[in-house]
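Chemist: Let me begin by handing over the structure; questions about it come next.
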Amino acid sequence: QEMVSDISHQLKTPIANITMYNDTILNHDLPKEKREECLQVIQNQVEKLDFLVKSLMKMSRLENNIIVLIKEQNNLYDSIVQVLAGVRLHAENKKLKISVKCENPYLVYYDEKWTIEAIFNVMDNAVKYTPEGGNINIVVERMDLFTKICVKDTGIGIEPKHINDIFKRFFRESRVHKEDGVGIGLYLTREILTKQGGYVKVTSKEGEGSMFSLYLPNQ
């Protein structure tokens with residue numbers, strides 16, 4: 001029931017926007033420029049719905065164990081390269097400096113596709129919430145039982161009262177609502193790591209940045 005309520009809330013705004021702008025186009029004689037502006041808004045809202053539905057499908061499949069994560073030996077360096085490829089353009093547009101400390105090869109047992117998703121969600125947030133010209137550092141460290149992937153940024157940080165809320169489904173701080181997103185990424189990251197025997201920790205200082213540490217079992 002709670003999940004249905006959450007999904008309804010997420011769908012309400014884009015559907016209302018699509019309906020409103022579509023009605024404007026159909027029932028008003030608009031100049032070409034205004035008409036194209038309305039169509040662009042509709043397109044953006046359709047893309048938001050598409051992203052939401054795909055995220056919900058990932059969440060549902062993981063929660064209901066429809067997907068079985070298969071841990072195989074993979075090169076973590078290669079996986080991080082794939083993550084960086086996904087955020088490169090956005091990072092370049094914001095003039096962010098990204099550094100990576102990870103040996104090549106760096107062999108660890110994990111489900112490659114889903115672990116890339118987990119790291120990407122953290123990295124994508126770091127890029128989104130780090131102001132122009134900021135820094136993001138990725139450091140990989142092998143410990144006794146786990147391999148730690150640390151993503152540290154110089155972003156806006158997390159309010160102390162919300163530090164335990166950020167991994168909840170659909171949770172987003174009110175001050176970040178202008179950024180794209182639906183509040184599922186960090187929830188998925190935690191689920192993916194947990195299902196592989198790992199976990200995630202976060203430390204943050206508001207206004208100075210955040211550090212997410214992702215732990216994958218060595219065995």
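Chain labels A, B, ... are given in the sequence in which chains occur in the structure tokens; within each chain residues are numbered consecutively from 1, and ligands are likewise numbered from 1 in the order shown.
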DSSP on the backbone, helix (DSSP H, G or I) only: what residues of stretch 42-156 of chain A does that give? Format it as a compact mmCIF listing (two decimals) with all heavy atoms, in the first residue's frame.
Modeler:
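Dumped everything to part-v6.txt:
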```txt
# COMPACT_ATOMS: atom_id res chain seq x y z
N ILE A 42 6.36 18.75 -22.83
CA ILE A 42 5.73 17.42 -22.89
C ILE A 42 6.77 16.33 -23.08
O ILE A 42 6.75 15.30 -22.41
CB ILE A 42 4.66 17.38 -24.02
CG1 ILE A 42 3.47 18.27 -23.65
CG2 ILE A 42 4.19 15.94 -24.26
CD1 ILE A 42 2.45 18.41 -24.76
N GLN A 43 7.71 16.58 -24.00
CA GLN A 43 8.78 15.61 -24.26
C GLN A 43 9.59 15.35 -22.98
O GLN A 43 9.90 14.20 -22.65
CB GLN A 43 9.70 16.12 -25.37
CG GLN A 43 10.91 15.25 -25.66
CD GLN A 43 10.53 13.88 -26.21
OE1 GLN A 43 9.49 13.73 -26.84
NE2 GLN A 43 11.36 12.89 -25.97
N ASN A 44 9.93 16.42 -22.26
CA ASN A 44 10.70 16.28 -21.02
C ASN A 44 9.95 15.46 -19.99
O ASN A 44 10.54 14.63 -19.28
CB ASN A 44 11.03 17.66 -20.44
CG ASN A 44 12.01 18.43 -21.31
OD1 ASN A 44 12.70 17.86 -22.14
ND2 ASN A 44 12.06 19.74 -21.13
N GLN A 45 8.64 15.69 -19.88
CA GLN A 45 7.83 14.96 -18.91
C GLN A 45 7.67 13.49 -19.30
O GLN A 45 7.64 12.61 -18.44
CB GLN A 45 6.46 15.62 -18.76
CG GLN A 45 6.51 17.02 -18.17
CD GLN A 45 7.18 17.06 -16.81
OE1 GLN A 45 6.77 16.36 -15.89
NE2 GLN A 45 8.21 17.88 -16.68
N VAL A 46 7.58 13.21 -20.61
CA VAL A 46 7.51 11.83 -21.09
C VAL A 46 8.81 11.10 -20.75
O VAL A 46 8.80 9.94 -20.30
CB VAL A 46 7.23 11.78 -22.61
CG1 VAL A 46 7.45 10.37 -23.16
CG2 VAL A 46 5.81 12.23 -22.91
N GLU A 47 9.94 11.78 -20.93
CA GLU A 47 11.24 11.18 -20.60
C GLU A 47 11.34 10.91 -19.09
O GLU A 47 11.91 9.90 -18.67
CB GLU A 47 12.37 12.10 -21.06
CG GLU A 47 12.53 12.15 -22.57
CD GLU A 47 13.54 13.19 -23.03
OE1 GLU A 47 14.15 13.86 -22.17
OE2 GLU A 47 13.73 13.33 -24.26
N LYS A 48 10.79 11.82 -18.29
CA LYS A 48 10.79 11.63 -16.84
C LYS A 48 9.96 10.40 -16.46
O LYS A 48 10.37 9.60 -15.62
CB LYS A 48 10.24 12.87 -16.15
CG LYS A 48 10.28 12.79 -14.63
CD LYS A 48 9.84 14.10 -13.99
CE LYS A 48 9.91 13.99 -12.47
NZ LYS A 48 9.52 15.25 -11.80
N LEU A 49 8.79 10.24 -17.11
CA LEU A 49 7.95 9.07 -16.86
C LEU A 49 8.66 7.78 -17.27
O LEU A 49 8.59 6.77 -16.57
CB LEU A 49 6.63 9.19 -17.62
CG LEU A 49 5.55 10.09 -17.01
CD1 LEU A 49 4.38 10.21 -17.98
CD2 LEU A 49 5.08 9.56 -15.67
N ASP A 50 9.33 7.82 -18.41
CA ASP A 50 10.06 6.66 -18.91
C ASP A 50 11.15 6.25 -17.92
O ASP A 50 11.31 5.07 -17.60
CB ASP A 50 10.66 6.97 -20.28
CG ASP A 50 11.39 5.77 -20.88
OD1 ASP A 50 10.76 4.71 -21.03
OD2 ASP A 50 12.59 5.91 -21.18
N PHE A 51 11.90 7.26 -17.42
CA PHE A 51 12.95 7.00 -16.45
C PHE A 51 12.38 6.41 -15.16
O PHE A 51 12.91 5.46 -14.59
CB PHE A 51 13.70 8.30 -16.15
CG PHE A 51 14.77 8.16 -15.10
CD1 PHE A 51 16.00 7.61 -15.40
CD2 PHE A 51 14.54 8.58 -13.79
CE1 PHE A 51 16.99 7.47 -14.44
CE2 PHE A 51 15.51 8.46 -12.82
CZ PHE A 51 16.74 7.90 -13.15
N LEU A 52 11.24 6.96 -14.72
CA LEU A 52 10.60 6.49 -13.51
C LEU A 52 10.15 5.05 -13.64
O LEU A 52 10.40 4.22 -12.75
CB LEU A 52 9.40 7.39 -13.17
CG LEU A 52 8.52 6.94 -12.00
CD1 LEU A 52 9.32 6.90 -10.71
CD2 LEU A 52 7.31 7.86 -11.85
N VAL A 53 9.50 4.72 -14.76
CA VAL A 53 9.01 3.36 -14.97
C VAL A 53 10.17 2.36 -15.00
O VAL A 53 10.09 1.28 -14.40
CB VAL A 53 8.18 3.27 -16.27
CG1 VAL A 53 7.89 1.82 -16.63
CG2 VAL A 53 6.87 4.04 -16.12
N LYS A 54 11.25 2.72 -15.69
CA LYS A 54 12.42 1.82 -15.73
C LYS A 54 13.01 1.62 -14.34
O LYS A 54 13.41 0.51 -13.97
CB LYS A 54 13.47 2.39 -16.69
CG LYS A 54 13.08 2.26 -18.16
CD LYS A 54 14.12 2.90 -19.06
CE LYS A 54 13.71 2.77 -20.53
NZ LYS A 54 14.64 3.49 -21.43
N SER A 55 13.08 2.70 -13.56
CA SER A 55 13.60 2.60 -12.20
C SER A 55 12.71 1.72 -11.34
O SER A 55 13.19 0.91 -10.54
CB SER A 55 13.71 4.00 -11.57
OG SER A 55 14.62 4.81 -12.28
N LEU A 56 11.40 1.88 -11.49
CA LEU A 56 10.45 1.07 -10.72
C LEU A 56 10.57 -0.41 -11.09
O LEU A 56 10.45 -1.29 -10.22
CB LEU A 56 9.02 1.55 -10.98
CG LEU A 56 8.66 2.92 -10.39
CD1 LEU A 56 7.30 3.38 -10.90
CD2 LEU A 56 8.66 2.87 -8.87
N MET A 57 10.79 -0.69 -12.37
CA MET A 57 10.95 -2.08 -12.80
C MET A 57 12.20 -2.70 -12.18
O MET A 57 12.17 -3.84 -11.72
CB MET A 57 11.03 -2.14 -14.34
CG MET A 57 9.70 -1.91 -15.03
SD MET A 57 9.84 -1.85 -16.83
CE MET A 57 10.37 -3.54 -17.17
N LYS A 58 13.30 -1.94 -12.16
CA LYS A 58 14.53 -2.43 -11.52
C LYS A 58 14.27 -2.72 -10.05
O LYS A 58 14.66 -3.77 -9.53
CB LYS A 58 15.65 -1.39 -11.65
CG LYS A 58 16.19 -1.21 -13.05
CD LYS A 58 17.23 -0.08 -13.05
CE LYS A 58 17.68 0.26 -14.46
NZ LYS A 58 18.60 1.42 -14.48
N MET A 59 13.62 -1.77 -9.39
CA MET A 59 13.34 -1.91 -7.96
C MET A 59 12.48 -3.13 -7.69
O MET A 59 12.77 -3.94 -6.80
CB MET A 59 12.65 -0.64 -7.47
CG MET A 59 12.39 -0.60 -5.98
SD MET A 59 11.61 0.96 -5.51
CE MET A 59 9.96 0.70 -6.16
N SER A 60 11.41 -3.29 -8.46
CA SER A 60 10.49 -4.40 -8.27
C SER A 60 11.17 -5.74 -8.51
O SER A 60 10.98 -6.70 -7.74
CB SER A 60 9.29 -4.23 -9.21
OG SER A 60 8.43 -5.33 -9.11
N ARG A 61 11.97 -5.81 -9.55
CA ARG A 61 12.64 -7.08 -9.89
C ARG A 61 13.64 -7.48 -8.81
O ARG A 61 13.79 -8.66 -8.49
CB ARG A 61 13.32 -6.96 -11.25
CG ARG A 61 12.31 -6.87 -12.40
CD ARG A 61 12.97 -6.35 -13.67
NE ARG A 61 13.82 -7.34 -14.29
CZ ARG A 61 14.68 -7.06 -15.28
NH1 ARG A 61 14.78 -5.81 -15.73
NH2 ARG A 61 15.40 -8.02 -15.81
N LEU A 62 14.32 -6.48 -8.24
CA LEU A 62 15.27 -6.78 -7.16
C LEU A 62 14.55 -7.20 -5.89
O LEU A 62 14.91 -8.19 -5.25
CB LEU A 62 16.14 -5.55 -6.87
CG LEU A 62 17.35 -5.31 -7.77
CD1 LEU A 62 17.99 -3.97 -7.45
CD2 LEU A 62 18.38 -6.43 -7.60
N GLU A 63 13.51 -6.45 -5.53
CA GLU A 63 12.79 -6.72 -4.28
C GLU A 63 12.11 -8.08 -4.30
O GLU A 63 11.99 -8.74 -3.26
CB GLU A 63 11.75 -5.63 -4.03
CG GLU A 63 12.34 -4.31 -3.56
CD GLU A 63 11.27 -3.29 -3.23
OE1 GLU A 63 10.10 -3.51 -3.59
OE2 GLU A 63 11.61 -2.27 -2.61
N LEU A 76 37.46 -4.54 -11.54
CA LEU A 76 36.79 -3.36 -11.00
C LEU A 76 37.21 -2.09 -11.72
O LEU A 76 36.42 -1.16 -11.88
CB LEU A 76 37.06 -3.25 -9.50
CG LEU A 76 36.26 -2.24 -8.70
CD1 LEU A 76 34.76 -2.42 -8.90
CD2 LEU A 76 36.60 -2.34 -7.21
N TYR A 77 38.45 -2.05 -12.15
CA TYR A 77 38.94 -0.89 -12.91
C TYR A 77 38.09 -0.67 -14.17
O TYR A 77 37.65 0.45 -14.46
CB TYR A 77 40.41 -1.10 -13.29
CG TYR A 77 40.99 0.01 -14.14
CD1 TYR A 77 41.59 1.13 -13.55
CD2 TYR A 77 40.95 -0.05 -15.54
CE1 TYR A 77 42.13 2.14 -14.33
CE2 TYR A 77 41.48 0.96 -16.32
CZ TYR A 77 42.07 2.06 -15.71
OH TYR A 77 42.59 3.06 -16.49
N ASP A 78 37.83 -1.75 -14.91
CA ASP A 78 37.01 -1.64 -16.13
C ASP A 78 35.59 -1.19 -15.81
O ASP A 78 34.99 -0.41 -16.56
CB ASP A 78 36.97 -2.99 -16.86
CG ASP A 78 38.30 -3.35 -17.49
OD1 ASP A 78 39.14 -2.45 -17.67
OD2 ASP A 78 38.50 -4.54 -17.81
N SER A 79 35.05 -1.67 -14.70
CA SER A 79 33.69 -1.30 -14.31
C SER A 79 33.62 0.20 -13.98
O SER A 79 32.66 0.89 -14.36
CB SER A 79 33.23 -2.12 -13.09
OG SER A 79 33.16 -3.50 -13.42
N ILE A 80 34.64 0.71 -13.30
CA ILE A 80 34.66 2.13 -12.96
C ILE A 80 34.80 2.98 -14.22
O ILE A 80 34.19 4.05 -14.34
CB ILE A 80 35.81 2.42 -11.95
CG1 ILE A 80 35.45 1.82 -10.59
CG2 ILE A 80 36.05 3.94 -11.81
CD1 ILE A 80 36.56 1.88 -9.56
N VAL A 81 35.57 2.49 -15.19
CA VAL A 81 35.69 3.20 -16.48
C VAL A 81 34.32 3.32 -17.14
O VAL A 81 33.97 4.37 -17.69
CB VAL A 81 36.69 2.48 -17.41
CG1 VAL A 81 36.59 3.01 -18.83
CG2 VAL A 81 38.11 2.64 -16.89
N GLN A 82 33.52 2.25 -17.08
CA GLN A 82 32.17 2.30 -17.65
C GLN A 82 31.29 3.31 -16.92
O GLN A 82 30.50 4.04 -17.54
CB GLN A 82 31.52 0.92 -17.60
CG GLN A 82 32.14 -0.09 -18.57
CD GLN A 82 31.33 -1.37 -18.62
OE1 GLN A 82 30.13 -1.36 -18.88
NE2 GLN A 82 31.99 -2.50 -18.37
N VAL A 83 31.42 3.37 -15.60
CA VAL A 83 30.66 4.34 -14.81
C VAL A 83 31.04 5.76 -15.22
O VAL A 83 30.17 6.62 -15.44
CB VAL A 83 30.92 4.14 -13.30
CG1 VAL A 83 30.33 5.31 -12.50
CG2 VAL A 83 30.31 2.82 -12.83
N LEU A 84 32.33 6.01 -15.35
CA LEU A 84 32.80 7.35 -15.72
C LEU A 84 32.32 7.76 -17.11
O LEU A 84 32.01 8.93 -17.34
CB LEU A 84 34.33 7.41 -15.65
CG LEU A 84 34.94 7.28 -14.26
CD1 LEU A 84 36.46 7.29 -14.33
CD2 LEU A 84 34.47 8.41 -13.35
N ALA A 85 32.23 6.80 -18.01
CA ALA A 85 31.74 7.10 -19.36
C ALA A 85 30.30 7.60 -19.30
O ALA A 85 29.90 8.47 -20.09
CB ALA A 85 31.83 5.86 -20.24
N GLY A 86 29.53 7.09 -18.33
CA GLY A 86 28.13 7.49 -18.21
C GLY A 86 27.92 8.88 -17.65
O GLY A 86 26.87 9.48 -17.85
N VAL A 87 28.90 9.40 -16.91
CA VAL A 87 28.75 10.73 -16.30
C VAL A 87 29.68 11.78 -16.93
O VAL A 87 29.65 12.95 -16.55
CB VAL A 87 29.02 10.68 -14.77
CG1 VAL A 87 28.06 9.74 -14.09
CG2 VAL A 87 30.47 10.29 -14.47
N ARG A 88 30.51 11.35 -17.87
CA ARG A 88 31.56 12.22 -18.41
C ARG A 88 31.03 13.54 -18.95
O ARG A 88 31.53 14.62 -18.60
CB ARG A 88 32.33 11.49 -19.52
CG ARG A 88 33.46 12.31 -20.13
CD ARG A 88 34.17 11.52 -21.22
NE ARG A 88 33.25 11.16 -22.30
CZ ARG A 88 32.93 11.98 -23.30
NH1 ARG A 88 33.42 13.20 -23.36
NH2 ARG A 88 32.10 11.57 -24.24
N LEU A 89 30.00 13.47 -19.79
CA LEU A 89 29.51 14.68 -20.45
C LEU A 89 28.99 15.70 -19.43
O LEU A 89 29.31 16.89 -19.49
CB LEU A 89 28.41 14.32 -21.45
CG LEU A 89 27.93 15.45 -22.37
CD1 LEU A 89 29.08 16.01 -23.18
CD2 LEU A 89 26.82 14.97 -23.28
N HIS A 90 28.19 15.21 -18.48
CA HIS A 90 27.64 16.09 -17.45
C HIS A 90 28.76 16.70 -16.61
O HIS A 90 28.73 17.90 -16.29
CB HIS A 90 26.67 15.30 -16.56
CG HIS A 90 25.83 16.15 -15.67
ND1 HIS A 90 24.95 15.64 -14.75
CD2 HIS A 90 25.74 17.51 -15.54
CE1 HIS A 90 24.36 16.62 -14.10
NE2 HIS A 90 24.82 17.76 -14.55
N ALA A 91 29.76 15.89 -16.27
CA ALA A 91 30.89 16.37 -15.47
C ALA A 91 31.70 17.42 -16.24
O ALA A 91 32.12 18.44 -15.67
CB ALA A 91 31.79 15.20 -15.08
N GLU A 92 31.91 17.18 -17.52
CA GLU A 92 32.66 18.15 -18.33
C GLU A 92 31.91 19.47 -18.44
O GLU A 92 32.51 20.55 -18.39
CB GLU A 92 32.93 17.57 -19.73
CG GLU A 92 33.99 16.48 -19.73
CD GLU A 92 34.21 15.90 -21.12
OE1 GLU A 92 33.43 16.25 -22.05
OE2 GLU A 92 35.14 15.09 -21.28
N ASN A 93 30.59 19.40 -18.60
CA ASN A 93 29.79 20.62 -18.70
C ASN A 93 29.88 21.46 -17.42
O ASN A 93 29.77 22.69 -17.48
CB ASN A 93 28.32 20.28 -18.99
CG ASN A 93 28.12 19.76 -20.40
OD1 ASN A 93 28.94 20.01 -21.28
ND2 ASN A 93 27.04 19.04 -20.63
N GLU A 112 28.55 -7.94 -12.44
CA GLU A 112 29.09 -6.77 -13.13
C GLU A 112 28.01 -5.73 -13.47
O GLU A 112 28.14 -4.54 -13.15
CB GLU A 112 29.80 -7.20 -14.42
CG GLU A 112 30.46 -6.03 -15.14
CD GLU A 112 31.22 -6.46 -16.38
OE1 GLU A 112 30.80 -7.47 -17.00
OE2 GLU A 112 32.20 -5.79 -16.73
N LYS A 113 26.94 -6.17 -14.12
CA LYS A 113 25.91 -5.22 -14.57
C LYS A 113 25.30 -4.44 -13.42
O LYS A 113 25.20 -3.20 -13.46
CB LYS A 113 24.81 -5.99 -15.32
CG LYS A 113 23.64 -5.09 -15.73
CD LYS A 113 22.48 -5.89 -16.31
CE LYS A 113 21.26 -5.03 -16.55
NZ LYS A 113 20.10 -5.80 -17.03
N TRP A 114 24.91 -5.15 -12.35
CA TRP A 114 24.21 -4.50 -11.26
C TRP A 114 25.15 -3.70 -10.36
O TRP A 114 24.76 -2.68 -9.79
CB TRP A 114 23.40 -5.51 -10.46
CG TRP A 114 22.18 -5.93 -11.21
CD1 TRP A 114 22.03 -7.04 -11.99
CD2 TRP A 114 20.95 -5.21 -11.30
NE1 TRP A 114 20.78 -7.06 -12.55
CE2 TRP A 114 20.08 -5.95 -12.14
CE3 TRP A 114 20.49 -4.02 -10.75
CZ2 TRP A 114 18.80 -5.54 -12.45
CZ3 TRP A 114 19.19 -3.60 -11.04
CH2 TRP A 114 18.37 -4.36 -11.89
N THR A 115 26.39 -4.14 -10.25
CA THR A 115 27.36 -3.38 -9.45
C THR A 115 27.73 -2.08 -10.15
O THR A 115 27.90 -1.04 -9.49
CB THR A 115 28.61 -4.23 -9.16
OG1 THR A 115 28.21 -5.43 -8.49
CG2 THR A 115 29.59 -3.46 -8.28
N ILE A 116 27.82 -2.11 -11.47
CA ILE A 116 28.04 -0.86 -12.22
C ILE A 116 26.87 0.09 -11.97
O ILE A 116 27.07 1.30 -11.78
CB ILE A 116 28.21 -1.16 -13.73
CG1 ILE A 116 29.57 -1.80 -13.99
CG2 ILE A 116 28.05 0.12 -14.57
CD1 ILE A 116 29.78 -2.26 -15.41
N GLU A 117 25.65 -0.45 -11.94
CA GLU A 117 24.47 0.36 -11.62
C GLU A 117 24.60 1.00 -10.24
O GLU A 117 24.31 2.18 -10.04
CB GLU A 117 23.22 -0.51 -11.68
CG GLU A 117 21.97 0.12 -11.13
CD GLU A 117 21.15 0.88 -12.18
OE1 GLU A 117 21.39 0.69 -13.38
OE2 GLU A 117 20.30 1.68 -11.77
N ALA A 118 25.05 0.22 -9.26
CA ALA A 118 25.19 0.72 -7.88
C ALA A 118 26.21 1.85 -7.79
O ALA A 118 25.96 2.88 -7.16
CB ALA A 118 25.59 -0.44 -6.95
N ILE A 119 27.36 1.66 -8.43
CA ILE A 119 28.41 2.69 -8.40
C ILE A 119 27.96 3.92 -9.18
O ILE A 119 28.18 5.07 -8.76
CB ILE A 119 29.74 2.15 -8.97
CG1 ILE A 119 30.20 0.92 -8.17
CG2 ILE A 119 30.82 3.23 -8.94
CD1 ILE A 119 31.37 0.18 -8.82
N PHE A 120 27.31 3.69 -10.33
CA PHE A 120 26.85 4.80 -11.16
C PHE A 120 25.87 5.69 -10.40
O PHE A 120 25.95 6.93 -10.49
CB PHE A 120 26.18 4.28 -12.43
CG PHE A 120 25.54 5.37 -13.25
CD1 PHE A 120 26.31 6.14 -14.12
CD2 PHE A 120 24.19 5.66 -13.13
CE1 PHE A 120 25.73 7.16 -14.86
CE2 PHE A 120 23.60 6.68 -13.86
CZ PHE A 120 24.38 7.44 -14.73
N ASN A 121 24.95 5.10 -9.64
CA ASN A 121 23.97 5.90 -8.92
C ASN A 121 24.64 6.86 -7.94
O ASN A 121 24.23 8.02 -7.80
CB ASN A 121 23.00 4.98 -8.16
CG ASN A 121 22.08 4.22 -9.10
OD1 ASN A 121 21.89 4.60 -10.25
ND2 ASN A 121 21.52 3.12 -8.61
N VAL A 122 25.68 6.39 -7.27
CA VAL A 122 26.42 7.24 -6.33
C VAL A 122 27.19 8.31 -7.09
O VAL A 122 27.18 9.50 -6.73
CB VAL A 122 27.38 6.39 -5.47
CG1 VAL A 122 28.30 7.29 -4.64
CG2 VAL A 122 26.59 5.47 -4.56
N MET A 123 27.84 7.90 -8.17
CA MET A 123 28.64 8.84 -8.97
C MET A 123 27.76 9.89 -9.64
O MET A 123 28.12 11.07 -9.71
CB MET A 123 29.43 8.04 -10.01
CG MET A 123 30.52 8.84 -10.71
SD MET A 123 31.82 9.32 -9.57
CE MET A 123 32.75 10.43 -10.63
N ASP A 124 26.61 9.47 -10.12
CA ASP A 124 25.68 10.39 -10.78
C ASP A 124 25.22 11.47 -9.80
O ASP A 124 25.14 12.66 -10.15
CB ASP A 124 24.48 9.61 -11.31
CG ASP A 124 23.55 10.47 -12.16
OD1 ASP A 124 24.05 11.19 -13.04
OD2 ASP A 124 22.33 10.41 -11.94
N ASN A 125 24.94 11.07 -8.56
CA ASN A 125 24.57 12.05 -7.53
C ASN A 125 25.72 13.01 -7.23
O ASN A 125 25.50 14.21 -7.04
CB ASN A 125 24.15 11.33 -6.24
CG ASN A 125 22.73 10.84 -6.28
OD1 ASN A 125 21.98 11.12 -7.21
ND2 ASN A 125 22.33 10.09 -5.27
N ALA A 126 26.94 12.47 -7.18
CA ALA A 126 28.10 13.32 -6.90
C ALA A 126 28.24 14.40 -7.97
O ALA A 126 28.51 15.56 -7.66
CB ALA A 126 29.36 12.46 -6.84
N VAL A 127 28.03 14.02 -9.22
CA VAL A 127 28.12 14.98 -10.32
C VAL A 127 26.98 15.99 -10.25
O VAL A 127 27.17 17.20 -10.42
CB VAL A 127 28.12 14.26 -11.68
CG1 VAL A 127 28.00 15.25 -12.84
CG2 VAL A 127 29.39 13.42 -11.85
N LYS A 128 25.77 15.51 -9.97
CA LYS A 128 24.60 16.39 -9.93
C LYS A 128 24.69 17.43 -8.82
O LYS A 128 24.33 18.59 -9.02
CB LYS A 128 23.32 15.56 -9.74
CG LYS A 128 22.72 15.03 -11.01
CD LYS A 128 21.28 14.59 -10.84
CE LYS A 128 21.17 13.30 -10.09
NZ LYS A 128 19.83 12.68 -10.21
```
Chemist: Which neighbours of A:Leu69 fall inside 7 Å, counting only C-alpha atoms, when residues of the same chain fewer than 2 positions from it are skipped, and could you give them as JSON, numbers by chain?
Modeler: {"A": [67, 71, 111]}
Chemist: At a cut-off of 12 Å, can you tabulate as a tab-separated table every residue of stretch 74-110 of chain A near stretch 179-201 of chain A together with its closest atom pair and the distance in Å to one decimal, using only C-alpha atoms and ordering rows by chain then number?
Modeler:
```
residue	atom	partner	partner_atom	distance
A:Val108	CA	A:Gln196	CA	12.0
A:Tyr109	CA	A:Gln196	CA	9.4
A:Tyr110	CA	A:Gln196	CA	7.1
```
Chemist: Could you pull out the residues in stretch 32-218 of chain A that DSSP calls strand (DSSP E or B) from the backbone, as a ChimeraX atom specification?
Modeler: /A:72-75,97-101,107-110,135-142,146-153,199-205,209-217
Chemist: Quote the spacing between atom CA of A:Pro160 and atom CA of A:Ile7 in Å to one decimal place.
Modeler: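 So the two atoms, atom CA of A:Pro160 and atom CA of A:Ile7, lie 26.4 Å apart.
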Chemist: Out of A:His162, A:Glu72, A:His9, A:Lys34, which residue has the shortest atom-to-atom distance to A:Tyr21 when counting only C-alpha atoms?
Modeler: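 With only C-alpha atoms as the atom set, the closest residue is A:Lys34.
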Chemist: Taking 5 positions as the minimum chain separation for residues in the same chain, which residues sit within 10 Å of A:Gly157 when counting only C-alpha atoms? Answer as a list in words.
Modeler: Ala126, Tyr129, Thr130, Ile163, Thr203, Ser204, Lys205, Glu206, Gly207, Glu208, Gly209, Ser210 and Met211 of chain A
Chemist: How many Å lie between atom CA of A:Leu214 and atom CA of A:Leu107, rounded to one decimal?
Modeler: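 Result for atom CA of A:Leu214 versus atom CA of A:Leu107: 15.6 Å, one decimal.
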Chemist: Write out as a tab-separated table (two decimals) with all heavy atoms, in the first residue's frame which residues come within 7 Å of A:Lys152 when counting only C-alpha atoms, dropping same-chain ones fewer than 2 positions away.
Modeler:
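Once everything was written out, this is out.tsv:
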```tsv
chain	number	residue	atom	x	y	z
A	136	ILE	N	35.72	15.45	-7.53
A	136	ILE	CA	35.21	14.14	-7.14
A	136	ILE	C	36.38	13.16	-7.18
A	136	ILE	O	37.08	13.07	-8.19
A	136	ILE	CB	34.09	13.66	-8.08
A	136	ILE	CG1	32.92	14.65	-8.08
A	136	ILE	CG2	33.61	12.27	-7.66
A	136	ILE	CD1	31.85	14.34	-9.11
A	137	ASN	N	36.59	12.45	-6.08
A	137	ASN	CA	37.69	11.49	-6.00
A	137	ASN	C	37.16	10.08	-5.77
A	137	ASN	O	36.33	9.88	-4.87
A	137	ASN	CB	38.64	11.86	-4.85
A	137	ASN	CG	39.23	13.25	-5.03
A	137	ASN	OD1	39.71	13.59	-6.10
A	137	ASN	ND2	39.19	14.05	-3.97
A	138	ILE	N	37.65	9.14	-6.57
A	138	ILE	CA	37.30	7.74	-6.41
A	138	ILE	C	38.55	6.98	-5.98
A	138	ILE	O	39.58	7.03	-6.66
A	138	ILE	CB	36.75	7.13	-7.72
A	138	ILE	CG1	35.54	7.92	-8.22
A	138	ILE	CG2	36.39	5.66	-7.53
A	138	ILE	CD1	35.06	7.49	-9.59
A	150	CYS	N	35.42	4.13	-2.60
A	150	CYS	CA	35.09	5.39	-1.93
A	150	CYS	C	34.87	6.49	-2.97
A	150	CYS	O	35.74	6.73	-3.80
A	150	CYS	CB	36.22	5.76	-0.98
A	150	CYS	SG	35.89	7.20	0.01
A	210	SER	N	30.22	15.11	0.47
A	210	SER	CA	29.83	13.80	0.99
A	210	SER	C	30.84	12.74	0.58
A	210	SER	O	31.55	12.90	-0.43
A	210	SER	CB	28.44	13.40	0.47
A	210	SER	OG	27.47	14.36	0.81
A	211	MET	N	30.90	11.66	1.35
A	211	MET	CA	31.75	10.52	1.00
A	211	MET	C	30.92	9.24	1.14
A	211	MET	O	30.45	8.92	2.24
A	211	MET	CB	32.98	10.45	1.88
A	211	MET	CG	33.91	9.30	1.51
A	211	MET	SD	35.49	9.35	2.39
A	211	MET	CE	34.94	8.89	4.03
A	212	PHE	N	30.71	8.56	0.03
A	212	PHE	CA	30.01	7.29	0.02
A	212	PHE	C	31.05	6.17	-0.10
A	212	PHE	O	31.90	6.21	-0.98
A	212	PHE	CB	29.02	7.21	-1.15
A	212	PHE	CG	27.78	8.01	-0.93
A	212	PHE	CD1	27.77	9.37	-1.17
A	212	PHE	CD2	26.61	7.40	-0.50
A	212	PHE	CE1	26.62	10.12	-0.96
A	212	PHE	CE2	25.45	8.13	-0.31
A	212	PHE	CZ	25.46	9.49	-0.53
```
